[in-house]
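Remarks on the structure that follows.
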Amino acid sequence: MSNNLDAYAIFIALVLSFIPKLDPLSSTFANVEAEVCATLLPGPAEWISHCFLKTLKAAHFPKEVLDIMWSSVAARARAAQFEDSADGGFCVLQRAARLRQAMSQPGDDALTQAWFDYTQE
């Protein structure tokens with residue numbers, strides 16, 4: 001279980017928490033998160049709810065599952081605060097808008113270029 005919690009923290013939580021840094025979570029996110037936890041921890045998933053996995057340290061476990069719902073709120077608050085910095089900010093909202101526009105267009109070339117531009121700015 002400890003190795004699976006490490007894998008969740010290193011790989012899965014990073015992927016699941018990328019988009020919520022820019023947009024609010026969808027209403028189905030709790031179901032997706034529960035499915036991911038059940039897949040990652042098939043034994044404990046039979047008798048532990050995915051919500052309890054977020055509070056394992058209170059039960060004296062050394063690790064717990066990251067609460068993406070709360071971390072996404074904190075990430076959006078940081079982006080909003082530093083977006084208006086005097087040095088031009090991160091331009092997160094404009095970069096995300098360009099990325100969304102590229103994702104809505106057919107073809108991979110525009111999306112590939114938009115991802116490259118997003119990470120280089």
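Chain labels A, B, ... are given in the sequence in which chains occur in the structure tokens; within each chain residues are numbered consecutively from 1, and ligands are likewise numbered from 1 in the order shown.
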
Item to complete: Would you kindly return, as an NGL selection string, each protein, DNA or RNA residue with an atom no farther than 10 Å from any atom of stretch 16-18 of chain A, considering only C-alpha atoms and excluding same-chain residues fewer than 2 positions away?
Response: :A and (8 or 11-14 or 20-23 or 25 or 29 or 32-33 or 36 or 66-69 or 71-72 or 75)

Item to complete: Considering only C-alpha atoms, state which residue in the set A:Lys63, A:Arg95, A:Ala34, A:Gln105 is at the smallest distance from A:Ser49.
Response: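 Selected residue with least distance to A:Ser49: A:Ala34.
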
Worksheet item: Closest to A:Asn4 among A:Ser27, A:Thr55, A:Ser104, A:Thr39, using only C-alpha atoms?
Response: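 Using only C-alpha atoms, the shortest distance to A:Asn4 belongs to A:Thr39.
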
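Here atom CA of A:Ala114 and atom CA of A:Ser26 stand 23.5 Å from one another.
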
Worksheet item: What's the 9 Å shell around A:Ala102, counting only C-alpha atoms, without same-chain residues fewer than 2 positions away, as a list of chain:residue names?
Response: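 Surrounding residues, per the criterion: A:Ala97, A:Arg98, A:Leu99, A:Arg100, A:Ser104, A:Gln105, A:Pro106, A:Asp108, A:Ala110, A:Leu111, A:Thr112, A:Gln113, A:Ala114, A:Trp115.
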
Item to complete: Identify all residues of chain A in helix (DSSP H, G or I) (DSSP on the backbone) and supply them as JSON, numbers by chain.
Response: {"A": [2, 3, 4, 5, 6, 7, 8, 9, 10, 11, 12, 13, 14, 15, 16, 19, 20, 21, 29, 30, 31, 32, 33, 34, 35, 36, 37, 38, 39, 40, 44, 45, 46, 52, 53, 54, 55, 56, 57, 58, 59, 68, 69, 70, 71, 72, 73, 74, 75, 76, 77, 78, 79, 80, 81, 82, 83, 92, 93, 94, 95, 96, 97, 98, 99, 100, 101, 102, 103, 104, 108, 109, 110, 111, 112, 113, 114, 115, 116, 117, 118, 119, 120]}
